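Asks: A single structure is presented below for examination.
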Amino acid sequence: MEKVYEGKAKIVYKTEDPDKYILYFKDTATAFDATKRAEVEGKGELNNNISSLIFQLLEERGIRTHFIRKLSSREMLVWRAKRFELEVVVRNISAGSLCKRLGIEEGKPLEKPLVEFFYKNDELHDPLVCYDHIILLGLLKEEQIHEIKHITFRVNEILREFFSQHGLILVDFKLEFGQLPDGSLAVVDEVSPDTCRLWDAKTGEKLDKDRFRFDLGDLLEGYRKVLEKLQG
Ligand code: 5GP
């Protein structure tokens with residue numbers, strides 16, 4: 001298969017249909033601008049499983065995504081999308097870069113969900129950008145910013161409820177957006193413990209990529225627990 005793009009965690013391949021691509025989930029784990037890196041056998045499979053499950057749920061709830069179907073243990077069939085160079089982060093509880101940047105203690109529930117935009121640019125280390133920066137850089141048009149924010153809040157409502165029903169707290173997560181061949185805005189990339197902070201609702205155990213970032217425990221064990229809970 002012809003490779004379109006290879007990222008840190010996934011490879012995108014062409015298919016016979018020019019409007020459809022295959023996402024291949026790798027076992028590579030990276031953090032801190034890929035200065036920390038490891039091969040974790042089985043991570044790709046778990047993330048493909050979890051992402052497929054979540055995209056399916058979002059589609060059922062009327063959110064447009066690039067997901068078509070899960071093809072194999074590590075492969076997902078998706079619509080070709082023109083990806084925006086932007087990461088959209090939603091936070092329900094303080095953690096990560098929010099605490100570091102603003103001096104807030106970890107674990108504080110936020111009065112209302114907070115949405116932040118980051119410019120996806122490795123050389124600049126994905127800086128936080130405001131509304132006017134997004135326009136200045138030509139990353140999105142004004143109406144697209146509003147539409148993306150609206151979709152993001154809705155995705156947060158759906159996922160918060162879903163994870164909560166399965167004994168998980170959705171602390172924060174990152175979404176990426178793109179434009180599908182028919183022009184519609186859609187959630188692209190993946191939604192998995194690589195891109196979400198998920199805490200066990202009973203024990204508070206961190207079950208996401210923070211395990212790898214901060215050596216908190218076996219990465220796969222956390223991701224496996226997430227999948228088991230979601231399937232349970
Ligand atoms: P923070 O800004 O606190 O580092 O991240 C907020 C949330 O977005 C976390 O759930 C984190 O996993 C996710 N996130 C932010 N940037 C990235 C990124 O570049 N890659 C991945 N996989 N997740 C990210």
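Within each chain, counting starts at residue 1; across the structure tokens, chains are named A, B, ... in the order shown, with ligands numbered 1 upward in that order.
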What does the list of residues within 7 Å of ligand 1 look like if you count only C-alpha atoms and all ligand atoms, written as a list in words?
Replies: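 Result of the 7 Å neighbour search around ligand 1: Glu87, Val89, Ala95, Gly96, Ser97, Leu98, Asp172, Phe173, Lys174, Asp194, Thr195, Cys196, Arg197 and Lys209 of chain A.
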Asks: Produce a file of the selected residues containing N, CA, C and O atoms, as a PDB file, in the first residue's frame.
Replies:
ATOM      1  N   GLU A  87      -4.858  21.572  17.343  1.00  0.00           N
ATOM      2  CA  GLU A  87      -5.328  20.596  18.331  1.00  0.00           C
ATOM      3  C   GLU A  87      -6.334  21.317  19.217  1.00  0.00           C
ATOM      4  O   GLU A  87      -6.070  22.428  19.670  1.00  0.00           O
ATOM      5  N   VAL A  89      -8.241  21.128  22.691  1.00  0.00           N
ATOM      6  CA  VAL A  89      -8.206  20.434  23.982  1.00  0.00           C
ATOM      7  C   VAL A  89      -9.409  20.875  24.818  1.00  0.00           C
ATOM      8  O   VAL A  89      -9.723  22.058  24.875  1.00  0.00           O
ATOM      9  N   ALA A  95      -5.405  19.590  34.995  1.00  0.00           N
ATOM     10  CA  ALA A  95      -4.294  18.631  34.887  1.00  0.00           C
ATOM     11  C   ALA A  95      -3.327  19.144  33.823  1.00  0.00           C
ATOM     12  O   ALA A  95      -3.620  20.114  33.118  1.00  0.00           O
ATOM     13  N   GLY A  96      -2.209  18.494  33.726  1.00  0.00           N
ATOM     14  CA  GLY A  96      -1.276  18.703  32.620  1.00  0.00           C
ATOM     15  C   GLY A  96      -0.813  20.141  32.447  1.00  0.00           C
ATOM     16  O   GLY A  96      -0.480  20.835  33.415  1.00  0.00           O
ATOM     17  N   SER A  97      -0.827  20.590  31.182  1.00  0.00           N
ATOM     18  CA  SER A  97      -0.241  21.901  30.867  1.00  0.00           C
ATOM     19  C   SER A  97      -1.047  23.054  31.463  1.00  0.00           C
ATOM     20  O   SER A  97      -0.526  24.144  31.661  1.00  0.00           O
ATOM     21  N   LEU A  98      -2.331  22.828  31.765  1.00  0.00           N
ATOM     22  CA  LEU A  98      -3.135  23.892  32.395  1.00  0.00           C
ATOM     23  C   LEU A  98      -2.554  24.215  33.773  1.00  0.00           C
ATOM     24  O   LEU A  98      -2.396  25.386  34.139  1.00  0.00           O
ATOM     25  N   ASP A 172      -9.551  15.311  30.682  1.00  0.00           N
ATOM     26  CA  ASP A 172      -9.375  16.193  29.520  1.00  0.00           C
ATOM     27  C   ASP A 172      -9.092  15.338  28.293  1.00  0.00           C
ATOM     28  O   ASP A 172      -8.865  14.130  28.411  1.00  0.00           O
ATOM     29  N   PHE A 173      -9.142  15.945  27.128  1.00  0.00           N
ATOM     30  CA  PHE A 173      -8.811  15.215  25.902  1.00  0.00           C
ATOM     31  C   PHE A 173      -8.521  16.179  24.772  1.00  0.00           C
ATOM     32  O   PHE A 173      -8.814  17.364  24.855  1.00  0.00           O
ATOM     33  N   LYS A 174      -7.924  15.615  23.724  1.00  0.00           N
ATOM     34  CA  LYS A 174      -7.546  16.398  22.555  1.00  0.00           C
ATOM     35  C   LYS A 174      -8.303  15.884  21.336  1.00  0.00           C
ATOM     36  O   LYS A 174      -8.395  14.671  21.134  1.00  0.00           O
ATOM     37  N   ASP A 194      -4.219   7.616  24.557  1.00  0.00           N
ATOM     38  CA  ASP A 194      -3.079   8.448  24.132  1.00  0.00           C
ATOM     39  C   ASP A 194      -3.487   9.918  24.095  1.00  0.00           C
ATOM     40  O   ASP A 194      -2.646  10.804  24.211  1.00  0.00           O
ATOM     41  N   THR A 195      -4.766  10.171  23.870  1.00  0.00           N
ATOM     42  CA  THR A 195      -5.225  11.555  23.640  1.00  0.00           C
ATOM     43  C   THR A 195      -6.208  12.047  24.710  1.00  0.00           C
ATOM     44  O   THR A 195      -6.676  13.181  24.626  1.00  0.00           O
ATOM     45  N   CYS A 196      -6.550  11.162  25.653  1.00  0.00           N
ATOM     46  CA  CYS A 196      -7.480  11.540  26.737  1.00  0.00           C
ATOM     47  C   CYS A 196      -6.824  11.271  28.081  1.00  0.00           C
ATOM     48  O   CYS A 196      -6.106  10.281  28.220  1.00  0.00           O
ATOM     49  N   ARG A 197      -7.102  12.101  29.088  1.00  0.00           N
ATOM     50  CA  ARG A 197      -6.752  11.709  30.468  1.00  0.00           C
ATOM     51  C   ARG A 197      -7.975  11.030  31.065  1.00  0.00           C
ATOM     52  O   ARG A 197      -9.057  11.636  31.105  1.00  0.00           O
ATOM     53  N   LYS A 209      -2.045   7.990  29.014  1.00  0.00           N
ATOM     54  CA  LYS A 209      -0.636   8.144  28.632  1.00  0.00           C
ATOM     55  C   LYS A 209       0.228   8.801  29.711  1.00  0.00           C
ATOM     56  O   LYS A 209       1.456   8.725  29.640  1.00  0.00           O
TER      57      LYS A 209
END
Asks: Taking the backbone alone, and naming residues the way the document does, which bits of stretch 2-228 of chain A are strand (DSSP E) by DSSP, as a ChimeraX atom specification?
Replies: /A:3-6,10-14,20-25,28-31,36-39,67-70,75-79,82-83,86-93,109-119,128-129,168-179,185-188,196-200
Asks: Within 8 Å of A:Arg91, counting only C-alpha atoms, which residues qualify if same-chain residues fewer than 3 places away don't, as a ChimeraX atom specification?
Replies: /A:94,110,113-115,171-173
Asks: If we count only C-alpha atoms, what is near A:Glu161 at a cut-off of 12 Å, once residues fewer than 6 positions away on the same chain are taken out, given as a ChimeraX atom specification?
Replies: /A:57,154-155,167-170,230
Asks: Tell me, in Å to one decimal, how far atom CA of A:Ser72 is from atom CA of A:Asn48.
Replies: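 Result for atom CA of A:Ser72 versus atom CA of A:Asn48: 8.8 Å, one decimal.
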Asks: Which residues come within 8 Å of A:Tyr223, counting only C-alpha atoms, excluding same-chain residues fewer than 6 positions away, as a PyMOL selection string?
Replies: chain A and resi 43+46-47+193+207-208
Asks: Take the residues from that selection and write them out as a PDB file, in the first residue's frame, keeping C-alpha atoms.
Replies:
ATOM      1  CA  LYS A  43      -0.626  -0.433  22.205  1.00  0.00           C
ATOM      2  CA  LEU A  46      -5.733  -1.272  22.019  1.00  0.00           C
ATOM      3  CA  ASN A  47      -5.881   2.251  20.607  1.00  0.00           C
ATOM      4  CA  PRO A 193      -5.914   6.886  26.167  1.00  0.00           C
ATOM      5  CA  LEU A 207      -5.155   4.867  33.125  1.00  0.00           C
ATOM      6  CA  ASP A 208      -3.875   7.012  30.235  1.00  0.00           C
TER       7      ASP A 208
END
Asks: Looking at A:Met76, A:Arg69, A:Lys8, A:Pro18, which one is nearest to A:Lys36, with distances taken over only C-alpha atoms?
Replies: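 Between A:Met76, A:Arg69, A:Lys8, A:Pro18, the residue approaching A:Lys36 most closely is A:Lys8.
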Asks: Just checking: using only C-alpha atoms, which residue out of A:Tyr5, A:Arg101, A:Val191, A:Ala186 ends up closest to A:Pro127?
Replies: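 Using only C-alpha atoms, A:Pro127 sits closest to A:Arg101.
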Asks: Skip stretch 79-81 of chain A itself and residues of its chain fewer than 6 positions away, then list as a PDB file with N, CA and C atoms, in the first residue's frame all residues within 9 Å of it, counting only C-alpha atoms.
Replies:
ATOM      1  N   LYS A  14      -2.953   4.895   1.339  1.00  0.00           N
ATOM      2  CA  LYS A  14      -3.992   5.052   0.315  1.00  0.00           C
ATOM      3  C   LYS A  14      -4.728   3.733   0.130  1.00  0.00           C
ATOM      4  N   PRO A  18      -9.958   6.793  -3.947  1.00  0.00           N
ATOM      5  CA  PRO A  18      -9.200   8.002  -3.592  1.00  0.00           C
ATOM      6  C   PRO A  18      -9.772   8.764  -2.393  1.00  0.00           C
ATOM      7  N   ASP A  19     -11.029   8.494  -2.049  1.00  0.00           N
ATOM      8  CA  ASP A  19     -11.647   9.205  -0.913  1.00  0.00           C
ATOM      9  C   ASP A  19     -11.482   8.460   0.411  1.00  0.00           C
ATOM     10  N   LYS A  20     -10.856   7.273   0.365  1.00  0.00           N
ATOM     11  CA  LYS A  20     -10.733   6.492   1.604  1.00  0.00           C
ATOM     12  C   LYS A  20      -9.280   6.161   1.892  1.00  0.00           C
ATOM     13  N   TYR A  21      -8.919   6.280   3.153  1.00  0.00           N
ATOM     14  CA  TYR A  21      -7.565   5.952   3.597  1.00  0.00           C
ATOM     15  C   TYR A  21      -7.617   4.871   4.676  1.00  0.00           C
ATOM     16  N   ILE A  22      -6.472   4.248   4.898  1.00  0.00           N
ATOM     17  CA  ILE A  22      -6.355   3.298   6.016  1.00  0.00           C
ATOM     18  C   ILE A  22      -5.439   3.908   7.070  1.00  0.00           C
ATOM     19  N   THR A  65     -17.497  12.099  11.904  1.00  0.00           N
ATOM     20  CA  THR A  65     -16.087  11.740  12.111  1.00  0.00           C
ATOM     21  C   THR A  65     -15.547  11.142  10.812  1.00  0.00           C
ATOM     22  N   HIS A  66     -14.247  10.892  10.771  1.00  0.00           N
ATOM     23  CA  HIS A  66     -13.681  10.295   9.556  1.00  0.00           C
ATOM     24  C   HIS A  66     -13.812   8.766   9.561  1.00  0.00           C
ATOM     25  N   PHE A  67     -14.369   8.205  10.640  1.00  0.00           N
ATOM     26  CA  PHE A  67     -14.427   6.751  10.809  1.00  0.00           C
ATOM     27  C   PHE A  67     -15.405   6.089   9.834  1.00  0.00           C
ATOM     28  N   ILE A  68     -14.955   5.050   9.159  1.00  0.00           N
ATOM     29  CA  ILE A  68     -15.875   4.244   8.335  1.00  0.00           C
ATOM     30  C   ILE A  68     -16.086   2.905   9.028  1.00  0.00           C
ATOM     31  N   PHE A 177      -9.531  18.083  13.958  1.00  0.00           N
ATOM     32  CA  PHE A 177     -10.619  18.231  12.988  1.00  0.00           C
ATOM     33  C   PHE A 177     -10.069  18.303  11.575  1.00  0.00           C
ATOM     34  N   GLY A 178     -10.928  17.952  10.631  1.00  0.00           N
ATOM     35  CA  GLY A 178     -10.551  18.054   9.227  1.00  0.00           C
ATOM     36  C   GLY A 178     -11.797  18.210   8.382  1.00  0.00           C
ATOM     37  N   GLN A 179     -11.568  18.378   7.080  1.00  0.00           N
ATOM     38  CA  GLN A 179     -12.672  18.530   6.136  1.00  0.00           C
ATOM     39  C   GLN A 179     -12.746  17.275   5.278  1.00  0.00           C
ATOM     40  N   LEU A 180     -13.897  16.631   5.257  1.00  0.00           N
ATOM     41  CA  LEU A 180     -14.076  15.393   4.488  1.00  0.00           C
ATOM     42  C   LEU A 180     -14.240  15.721   2.999  1.00  0.00           C
ATOM     43  N   PRO A 181     -14.162  14.713   2.121  1.00  0.00           N
ATOM     44  CA  PRO A 181     -14.309  14.977   0.682  1.00  0.00           C
ATOM     45  C   PRO A 181     -15.595  15.728   0.334  1.00  0.00           C
ATOM     46  N   ALA A 186     -15.252  17.347  10.322  1.00  0.00           N
ATOM     47  CA  ALA A 186     -15.359  16.063  11.025  1.00  0.00           C
ATOM     48  C   ALA A 186     -14.231  15.925  12.037  1.00  0.00           C
ATOM     49  N   VAL A 188     -11.282  13.926  13.350  1.00  0.00           N
ATOM     50  CA  VAL A 188     -10.365  12.989  12.688  1.00  0.00           C
ATOM     51  C   VAL A 188      -9.353  12.448  13.704  1.00  0.00           C
TER      52      VAL A 188
END
Asks: Step one, run DSSP on the backbone; step two, keep only residues of stretch 20-193 of chain A assigned to alpha helix (DSSP H); then write them as number ranges by chain.
Replies: A: 43-60, 96-102, 131-136, 142-165
Asks: What gap, in Å, lies between atom CA of A:Leu198 and atom CA of A:Ala9?
Replies: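 So the answer is 19.0 Å.
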Asks: I'd like to know which of A:His133, A:Lys3, A:Gly44, A:Ile11 is closest to A:Leu220, using only C-alpha atoms.
Replies: A:Gly44
Asks: Between A:Leu77, A:Ile158, A:Ser52, A:Glu41, which is the closest to A:Glu16 once you count only C-alpha atoms?
Replies: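 Selected residue with least distance to A:Glu16: A:Leu77.
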Asks: List as number ranges by chain the protein and nucleic acid residues near A:Lys120, meaning an atom at most 6 Å away when only C-alpha atoms are counted, but skip any in the same chain fewer than 3 places from it.
Replies: A: 85-86, 126
Asks: Output the selection as an mmCIF file, in the first residue's frame - N, CA, C and O atoms for each residue.
Replies:
data_model
loop_
_atom_site.group_PDB
_atom_site.id
_atom_site.type_symbol
_atom_site.label_atom_id
_atom_site.label_comp_id
_atom_site.auth_asym_id
_atom_site.auth_seq_id
_atom_site.Cartn_x
_atom_site.Cartn_y
_atom_site.Cartn_z
ATOM 1 N N GLU A 85 -4.320 22.272 11.016
ATOM 2 C CA GLU A 85 -3.092 22.199 11.826
ATOM 3 C C GLU A 85 -3.359 22.719 13.231
ATOM 4 O O GLU A 85 -2.729 23.675 13.693
ATOM 5 N N LEU A 86 -4.318 22.084 13.871
ATOM 6 C CA LEU A 86 -4.784 22.596 15.148
ATOM 7 C C LEU A 86 -5.170 21.441 16.064
ATOM 8 O O LEU A 86 -5.727 20.442 15.597
ATOM 9 N N ASP A 126 3.983 23.031 19.538
ATOM 10 C CA ASP A 126 2.518 23.126 19.662
ATOM 11 C C ASP A 126 2.065 24.237 20.618
ATOM 12 O O ASP A 126 1.465 23.945 21.672
#
